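**Q** You'll find run_7.cif just under this line, and it carries mmCIF, C-alpha atoms and all ligand atoms.
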```cif
data_data
loop_
_atom_site.label_atom_id
_atom_site.label_comp_id
_atom_site.auth_asym_id
_atom_site.auth_seq_id
_atom_site.Cartn_x
_atom_site.Cartn_y
_atom_site.Cartn_z
CA MET A 1 11.71 -2.08 16.32
CA ALA A 2 14.55 -3.29 14.12
CA GLY A 3 16.75 -1.58 11.53
CA SER A 4 18.53 -4.72 10.29
CA ALA A 5 17.87 -8.47 10.05
CA GLU A 6 20.57 -9.14 12.72
CA HIS A 7 18.86 -6.69 15.04
CA ALA A 8 15.48 -8.38 14.42
CA LEU A 9 16.93 -11.84 15.20
CA LYS A 10 18.13 -10.58 18.60
CA HIS A 11 14.57 -9.43 19.33
CA VAL A 12 13.31 -12.90 18.37
CA GLN A 13 15.81 -14.50 20.79
CA ALA A 14 14.41 -12.16 23.47
CA GLY A 15 10.91 -13.59 22.81
CA VAL A 16 9.01 -10.82 21.02
CA ASP A 17 5.59 -11.51 19.46
CA LEU A 18 6.08 -9.24 16.44
CA ILE A 19 8.76 -7.10 14.81
CA VAL A 20 8.53 -3.58 13.41
CA ALA A 21 11.07 -3.36 10.57
CA GLN A 22 11.93 0.33 10.25
CA GLY A 23 13.79 1.57 7.16
CA SER A 24 16.23 4.46 7.19
CA GLU A 25 13.76 6.94 5.66
CA ALA A 26 11.72 6.90 8.89
CA GLY A 27 11.44 9.76 11.39
CA GLY A 28 13.24 9.40 14.73
CA HIS A 29 16.28 7.20 15.44
CA THR A 30 17.08 5.13 12.36
CA GLY A 31 19.59 2.73 10.88
CA THR A 32 21.08 2.87 7.40
CA ILE A 33 19.05 0.30 5.40
CA SER A 34 16.13 1.60 3.30
CA SER A 35 12.63 0.13 3.65
CA MET A 36 12.62 -1.51 0.19
CA VAL A 37 15.66 -3.61 1.11
CA LEU A 38 15.04 -4.04 4.84
CA TRP A 39 11.40 -5.21 4.94
CA PRO A 40 11.81 -8.46 2.96
CA GLU A 41 15.17 -9.17 4.64
CA VAL A 42 13.55 -9.01 8.08
CA VAL A 43 10.44 -10.95 6.94
CA GLU A 44 12.64 -13.81 5.71
CA ALA A 45 14.94 -13.74 8.75
CA VAL A 46 12.24 -13.93 11.45
CA ALA A 47 9.50 -16.03 9.75
CA PRO A 48 6.93 -17.06 11.01
CA ILE A 49 6.99 -14.08 13.42
CA PRO A 50 4.78 -11.32 11.94
CA VAL A 51 6.47 -8.14 10.69
CA LEU A 52 5.03 -4.62 10.47
CA ALA A 53 6.69 -2.42 7.85
CA ALA A 54 7.77 1.08 8.93
CA GLY A 55 9.69 3.94 7.34
CA GLY A 56 8.22 6.02 4.54
CA VAL A 57 4.64 4.71 4.69
CA GLY A 58 2.03 7.39 3.98
CA SER A 59 -0.41 6.05 1.40
CA GLY A 60 -2.35 2.99 0.28
CA ARG A 61 0.28 2.32 -2.38
CA HIS A 62 2.90 2.06 0.37
CA LEU A 63 0.62 -0.28 2.33
CA ALA A 64 0.17 -2.49 -0.78
CA ALA A 65 3.96 -2.46 -1.32
CA ALA A 66 4.54 -3.53 2.30
CA LEU A 67 2.10 -6.44 1.89
CA ALA A 68 3.81 -7.39 -1.39
CA LEU A 69 7.16 -7.47 0.41
CA GLY A 70 5.82 -9.90 3.01
CA ALA A 71 4.76 -7.64 5.89
CA GLU A 72 1.49 -8.25 7.77
CA GLY A 73 0.77 -4.53 8.02
CA VAL A 74 2.38 -1.13 8.48
CA TRP A 75 3.50 1.14 11.32
CA CYS A 76 3.41 4.89 10.65
CA GLY A 77 4.82 7.93 12.45
CA THR A 78 5.51 10.99 10.31
CA ILE A 79 2.26 10.97 8.34
CA TRP A 80 0.27 11.67 11.54
CA LEU A 81 2.24 14.83 12.31
CA GLY A 82 0.44 16.83 9.62
CA SER A 83 -2.99 15.67 10.85
CA SER A 84 -5.52 17.79 12.75
CA GLU A 85 -4.94 15.50 15.76
CA SER A 86 -1.14 15.99 15.64
CA GLU A 87 0.84 16.94 18.75
CA LEU A 88 2.52 19.77 16.79
CA SER A 89 1.69 23.46 17.25
CA PRO A 90 -0.20 25.07 14.31
CA ASP A 91 3.04 26.85 13.23
CA MET A 92 5.07 23.64 13.24
CA ARG A 93 2.29 21.80 11.41
CA LYS A 94 2.53 24.43 8.64
CA ARG A 95 6.27 23.75 8.40
CA PHE A 96 5.55 20.03 8.02
CA ILE A 97 3.06 20.74 5.23
CA ALA A 98 5.61 22.95 3.43
CA ALA A 99 8.57 20.54 3.86
CA ARG A 100 10.05 18.46 1.04
CA SER A 101 11.30 14.88 1.39
CA GLN A 102 14.94 16.07 1.36
CA ASP A 103 14.22 18.37 4.33
CA ALA A 104 14.03 15.30 6.63
CA ILE A 105 17.72 14.86 7.39
CA GLN A 106 19.64 12.39 9.54
CA ARG A 107 21.94 13.92 12.16
CA LYS A 108 23.62 13.12 15.48
CA TYR A 109 23.55 16.50 17.19
CA ASP A 110 20.11 16.17 18.83
CA THR A 111 20.76 13.03 20.86
CA GLY A 112 24.24 11.77 19.89
CA LYS A 113 22.73 8.91 17.79
CA PRO A 114 21.55 9.08 14.13
CA LEU A 115 18.10 10.67 14.21
CA ARG A 116 16.02 11.85 11.24
CA GLY A 117 14.18 15.14 11.67
CA LEU A 118 13.17 18.30 9.91
CA ARG A 119 15.93 20.61 8.71
CA SER A 120 15.97 24.04 10.40
CA ARG A 121 18.29 26.96 11.10
CA TRP A 122 19.43 24.94 14.14
CA THR A 123 20.49 21.97 11.98
CA ASP A 124 22.11 24.32 9.41
CA ALA A 125 24.27 25.74 12.23
CA TRP A 126 25.35 22.24 13.33
CA ASP A 127 26.12 21.34 9.70
CA ALA A 128 28.32 24.42 9.18
CA PRO A 129 32.00 23.60 8.46
CA ASP A 130 33.19 25.19 11.74
CA ALA A 131 30.58 23.42 13.95
CA PRO A 132 31.85 21.06 16.70
CA GLU A 133 31.43 17.27 16.55
CA PRO A 134 28.43 16.05 18.61
CA LEU A 135 29.13 14.29 21.91
CA PRO A 136 28.04 10.63 22.44
CA LEU A 137 24.44 9.65 23.36
CA ALA A 138 23.12 11.15 26.61
CA ALA A 139 25.93 13.75 26.90
CA GLN A 140 24.84 15.47 23.64
CA LYS A 141 21.21 15.42 24.73
CA LEU A 142 22.15 17.05 28.06
CA LEU A 143 24.24 19.64 26.22
CA VAL A 144 21.53 20.78 23.80
CA ALA A 145 18.37 20.29 25.92
CA PRO A 146 18.35 23.79 27.53
CA ALA A 147 18.87 25.52 24.15
CA LEU A 148 16.12 23.44 22.51
CA LYS A 149 13.75 24.25 25.40
CA ARG A 150 14.43 27.99 25.02
CA LEU A 151 13.77 27.80 21.26
CA GLU A 152 10.46 26.08 21.97
CA LEU A 153 9.41 28.61 24.64
CA ALA A 154 10.25 31.46 22.24
CA ASN A 155 8.30 29.66 19.48
CA ALA A 156 11.37 30.17 17.25
CA VAL A 157 9.81 28.01 14.53
CA ASP A 158 12.65 28.50 12.01
CA TYR A 159 15.06 26.95 14.51
CA MET A 160 12.78 24.13 15.63
CA GLY A 161 13.01 20.78 13.87
CA TYR A 162 10.81 18.00 15.11
CA MET A 163 11.48 14.32 14.28
CA SER A 164 10.32 13.61 10.75
CA GLY A 165 10.76 10.98 8.05
CA GLN A 166 11.17 11.57 4.33
CA ILE A 167 7.45 10.93 3.72
CA VAL A 168 6.92 14.47 5.06
CA GLY A 169 7.22 15.57 1.42
CA SER A 170 3.86 13.89 0.73
CA ILE A 171 1.99 15.85 3.40
CA LYS A 172 0.26 18.53 1.30
CA ALA A 173 -2.58 19.63 3.59
CA GLU A 174 -3.91 19.16 7.12
CA ARG A 175 -6.25 16.16 7.23
CA HIS A 176 -8.04 14.27 9.99
CA VAL A 177 -6.56 10.90 10.98
CA ARG A 178 -9.88 9.33 9.96
CA GLU A 179 -9.43 10.68 6.37
CA ILE A 180 -5.81 9.51 6.19
CA MET A 181 -6.79 6.00 7.36
CA LYS A 182 -9.71 5.84 4.95
CA SER A 183 -7.70 6.97 1.91
CA MET A 184 -4.90 4.55 2.85
CA THR A 185 -7.18 1.52 3.01
CA THR A 186 -9.28 2.51 -0.05
CA GLU A 187 -6.18 3.14 -2.18
CA CYS A 188 -4.53 -0.09 -1.02
CA LEU A 189 -7.61 -2.15 -2.00
CA ALA A 190 -7.74 -0.45 -5.42
CA VAL A 191 -4.02 -1.16 -6.00
CA LEU A 192 -4.40 -4.82 -4.95
CA ARG A 193 -7.38 -5.22 -7.31
CA THR A 194 -5.45 -3.67 -10.22
CA LEU A 195 -2.44 -5.85 -9.53
CA GLY A 196 -4.71 -8.93 -9.24
CA SER A 197 -6.22 -8.18 -12.63
CA LYS A 198 -2.72 -8.10 -14.17
CA ALA A 199 -1.81 -11.56 -12.87
C1 LIG B 1 7.76 12.33 16.25
C2 LIG B 1 8.24 10.90 16.29
C3 LIG B 1 8.56 10.32 17.52
C4 LIG B 1 9.00 8.99 17.57
N1 LIG B 1 9.32 8.44 18.78
C5 LIG B 1 9.73 7.15 18.83
C6 LIG B 1 10.03 6.53 20.08
O1 LIG B 1 9.98 7.16 21.12
N2 LIG B 1 10.42 5.22 20.08
C7 LIG B 1 10.49 4.49 18.91
O2 LIG B 1 10.84 3.30 18.98
N3 LIG B 1 10.21 5.06 17.73
C8 LIG B 1 9.84 6.35 17.66
N4 LIG B 1 9.54 6.92 16.44
C9 LIG B 1 9.58 6.08 15.22
C10 LIG B 1 8.17 5.59 14.91
O3 LIG B 1 7.71 4.70 15.91
C11 LIG B 1 8.09 4.89 13.56
O4 LIG B 1 8.86 3.71 13.52
C12 LIG B 1 8.53 5.77 12.41
O5 LIG B 1 7.98 7.07 12.55
C13 LIG B 1 8.07 5.15 11.09
O6 LIG B 1 8.55 5.84 9.97
P1 LIG B 1 7.80 7.11 9.32
O7 LIG B 1 8.17 8.26 10.20
O8 LIG B 1 8.40 7.19 7.96
O9 LIG B 1 6.33 6.82 9.31
C14 LIG B 1 9.12 8.24 16.37
C15 LIG B 1 8.81 8.84 15.14
C16 LIG B 1 8.39 10.16 15.08
C17 LIG B 1 8.08 10.77 13.73
#
```
Translate the structure described by the file into structure tokens.
Ligand SMILES: Cc1cc2nc3c(=O)[nH]c(=O)nc-3n(C[C@H](O)[C@H](O)[C@H](O)COP(=O)(O)O)c2cc1C

**A**
Amino acid sequence: MAGSAEHALKHVQAGVDLIVAQGSEAGGHTGTISSMVLWPEVVEAVAPIPVLAAGGVGSGRHLAAALALGAEGVWCGTIWLGSSESELSPDMRKRFIAARSQDAIQRKYDTGKPLRGLRSRWTDAWDAPDAPEPLPLAAQKLLVAPALKRLELANAVDYMGYMSGQIVGSIKAERHVREIMKSMTTECLAVLRTLGSKA
């Protein structure tokens, strides 16, 4: 998993078989470079090692774009969270379906490192002008873990904000993983055919 070409080259030196190039719009810990810029930079830097494109992928058009930018395939996270097979509770899944792309915000107060996740009353409190600065990695996680656990046990959904990328704004309804996969591949093939006919 790499968020910059330099990062990817270090993985190559360590002997990896493939690289996941993850743009900043992804859910979870992220860097600062967006997918559109990062994917081809990593592809060029590590060739001939295969690259999977991650960060903001949720449709066949994204898959076609990743192939156009030199990736061998894609690696998805957020799009599965709205699925029927998702690890989320039904209440949290509803919040994912209602969320907009701008509700997936990057912050340091969950783990001490930049992490993108869903906005909530918890994140609003940390973003308030009088809120303290987060501690470094590990210490911040230890500090907030008991509070986060209590919020979860109380099912305080408005305060809970699971990891999420900006593609959350495209999740409009609960679907089975099988349907998501099928629509992704069907749409990608249609896009590639259309593009081919324009050549
Ligand atoms: C809920 C969730 C948990 C994740 N956990 C990890 C993890 O433990 N390690 C990791 O390298 N990436 C993790 N990621 C990042 C994903 O592997 C993936 O790169 C990312 O979700 C792709 O971007 P997307 O969210 O826009 O699809 C996580 C992402 C999400 C949404």

**Q** Would you compute the distance between CA of Ala145 in chain A and CA of Gln106 in chain A? Give it in Å to one decimal.

**A**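 Value for the CA of Ala145 in chain A-CA of Gln106 in chain A distance: 18.2 Å.
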
**Q** How many Å lie between CA of Ala98 in chain A and CA of Leu118 in chain A, rounded to one decimal?

**A**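 Spanning CA of Ala98 in chain A to CA of Leu118 in chain A is a straight-line distance of 11.0 Å.
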
**Q** Could you check which of A:Met92, A:Met163, A:Val16, A:Ala138 is closest to ligand LIG 1 (chain B), using all atoms listed in the file?

**A**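 Nearest to ligand LIG 1 (chain B): A:Met163.
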
**Q** List all protein, DNA and RNA residues that have at least one atom no more than 10 Å from any atom of ligand LIG 1 (chain B), counting all atoms listed in the file, and write them as a PyMOL selection string.

**A** chain A and resi 1-3+20-30+35+52-58+74-81+86-88+104+115-118+162-168

**Q** Considering only C-alpha atoms, return as a list in words whatever protein or nucleic-acid residues lie within 12 Å of Pro48 in chain A, sequence-local ones (same chain, fewer than 2 positions apart) excluded.

**A**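 Neighbouring residues, sequence-local ones excluded: Val12, Val16, Asp17, Leu18, Ile19, Val42, Val43, Glu44, Ala45, Val46, Pro50, Val51, Gly70, Ala71 and Glu72 of chain A.
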
**Q** Would you compute the distance between CA of Trp122 in chain A and CA of Ile33 in chain A? Give it in Å to one decimal.

**A**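 Pair CA of Trp122 in chain A / CA of Ile33 in chain A returns 26.1 Å.
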
**Q** Nearest to Trp39 in chain A: which of A:Gly161, A:Pro146, A:Pro114, A:Gly73 is it, counting all atoms listed in the file?

**A** A:Gly73

**Q** Would you please work out which residue, of A:Lys172, A:Gly31, A:Ala64, A:Pro90, is nearest to Arg193 in chain A when using all atoms listed in the file?

**A**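 When distances to Arg193 in chain A are compared using all atoms listed in the file, the smallest one comes from A:Ala64.
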
**Q** Draw an axis-aligned box tight on the listed atoms of range 146-153 of chain A, then pad every side by 5 Å and write out centre and edge lengths in Å to one decimal as JSON.

**A**
```
{"center_x": 14.1, "center_y": 26.0, "center_z": 24.4, "size_x": 19.5, "size_y": 15.2, "size_z": 16.3}
```

**Q** As a PDB file, keeping the file's coordinate frame, could you write out range 76-97 of chain A once it has been completed with N, CA and C atoms?

**A**
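Listed below is the output, out19.pdb:
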```pdb
ATOM      1  N   CYS A  76       3.118   3.548  11.159  1.00  0.00           N
ATOM      2  CA  CYS A  76       3.410   4.890  10.650  1.00  0.00           C
ATOM      3  C   CYS A  76       3.713   5.873  11.783  1.00  0.00           C
ATOM      4  N   GLY A  77       4.518   6.868  11.484  1.00  0.00           N
ATOM      5  CA  GLY A  77       4.820   7.930  12.450  1.00  0.00           C
ATOM      6  C   GLY A  77       4.620   9.309  11.833  1.00  0.00           C
ATOM      7  N   THR A  78       5.476   9.633  10.870  1.00  0.00           N
ATOM      8  CA  THR A  78       5.510  10.990  10.310  1.00  0.00           C
ATOM      9  C   THR A  78       4.176  11.449   9.740  1.00  0.00           C
ATOM     10  N   ILE A  79       3.470  10.556   9.051  1.00  0.00           N
ATOM     11  CA  ILE A  79       2.260  10.970   8.340  1.00  0.00           C
ATOM     12  C   ILE A  79       1.219  11.570   9.299  1.00  0.00           C
ATOM     13  N   TRP A  80       1.255  11.151  10.572  1.00  0.00           N
ATOM     14  CA  TRP A  80       0.270  11.670  11.540  1.00  0.00           C
ATOM     15  C   TRP A  80       0.593  13.103  11.972  1.00  0.00           C
ATOM     16  N   LEU A  81       1.840  13.513  11.776  1.00  0.00           N
ATOM     17  CA  LEU A  81       2.240  14.830  12.310  1.00  0.00           C
ATOM     18  C   LEU A  81       1.568  15.987  11.582  1.00  0.00           C
ATOM     19  N   GLY A  82       1.151  15.769  10.342  1.00  0.00           N
ATOM     20  CA  GLY A  82       0.440  16.830   9.620  1.00  0.00           C
ATOM     21  C   GLY A  82      -1.063  16.773   9.844  1.00  0.00           C
ATOM     22  N   SER A  83      -1.544  15.832  10.655  1.00  0.00           N
ATOM     23  CA  SER A  83      -2.990  15.670  10.850  1.00  0.00           C
ATOM     24  C   SER A  83      -3.545  16.696  11.824  1.00  0.00           C
ATOM     25  N   SER A  84      -4.867  16.852  11.819  1.00  0.00           N
ATOM     26  CA  SER A  84      -5.520  17.790  12.750  1.00  0.00           C
ATOM     27  C   SER A  84      -5.319  17.345  14.189  1.00  0.00           C
ATOM     28  N   GLU A  85      -5.095  16.037  14.403  1.00  0.00           N
ATOM     29  CA  GLU A  85      -4.940  15.500  15.760  1.00  0.00           C
ATOM     30  C   GLU A  85      -3.472  15.500  16.200  1.00  0.00           C
ATOM     31  N   SER A  86      -2.586  16.020  15.370  1.00  0.00           N
ATOM     32  CA  SER A  86      -1.140  15.990  15.640  1.00  0.00           C
ATOM     33  C   SER A  86      -0.772  16.726  16.927  1.00  0.00           C
ATOM     34  N   GLU A  87       0.339  16.282  17.542  1.00  0.00           N
ATOM     35  CA  GLU A  87       0.840  16.940  18.750  1.00  0.00           C
ATOM     36  C   GLU A  87       1.539  18.269  18.444  1.00  0.00           C
ATOM     37  N   LEU A  88       1.767  18.572  17.155  1.00  0.00           N
ATOM     38  CA  LEU A  88       2.520  19.770  16.790  1.00  0.00           C
ATOM     39  C   LEU A  88       1.682  21.040  16.967  1.00  0.00           C
ATOM     40  N   SER A  89       2.381  22.172  17.204  1.00  0.00           N
ATOM     41  CA  SER A  89       1.690  23.460  17.250  1.00  0.00           C
ATOM     42  C   SER A  89       1.244  23.809  15.828  1.00  0.00           C
ATOM     43  N   PRO A  90       0.246  24.713  15.661  1.00  0.00           N
ATOM     44  CA  PRO A  90      -0.200  25.070  14.310  1.00  0.00           C
ATOM     45  C   PRO A  90       0.964  25.578  13.448  1.00  0.00           C
ATOM     46  N   ASP A  91       1.898  26.337  14.019  1.00  0.00           N
ATOM     47  CA  ASP A  91       3.040  26.850  13.230  1.00  0.00           C
ATOM     48  C   ASP A  91       3.930  25.714  12.748  1.00  0.00           C
ATOM     49  N   MET A  92       4.216  24.767  13.629  1.00  0.00           N
ATOM     50  CA  MET A  92       5.070  23.640  13.240  1.00  0.00           C
ATOM     51  C   MET A  92       4.368  22.751  12.210  1.00  0.00           C
ATOM     52  N   ARG A  93       3.049  22.622  12.366  1.00  0.00           N
ATOM     53  CA  ARG A  93       2.290  21.800  11.410  1.00  0.00           C
ATOM     54  C   ARG A  93       2.405  22.408  10.012  1.00  0.00           C
ATOM     55  N   LYS A  94       2.375  23.753   9.950  1.00  0.00           N
ATOM     56  CA  LYS A  94       2.530  24.430   8.640  1.00  0.00           C
ATOM     57  C   LYS A  94       3.894  24.113   8.056  1.00  0.00           C
ATOM     58  N   ARG A  95       4.924  24.067   8.912  1.00  0.00           N
ATOM     59  CA  ARG A  95       6.270  23.750   8.400  1.00  0.00           C
ATOM     60  C   ARG A  95       6.308  22.323   7.851  1.00  0.00           C
ATOM     61  N   PHE A  96       5.601  21.419   8.517  1.00  0.00           N
ATOM     62  CA  PHE A  96       5.550  20.030   8.020  1.00  0.00           C
ATOM     63  C   PHE A  96       4.849  19.972   6.657  1.00  0.00           C
ATOM     64  N   ILE A  97       3.806  20.765   6.498  1.00  0.00           N
ATOM     65  CA  ILE A  97       3.060  20.740   5.230  1.00  0.00           C
ATOM     66  C   ILE A  97       3.918  21.333   4.104  1.00  0.00           C
TER      67      ILE A  97
END
```
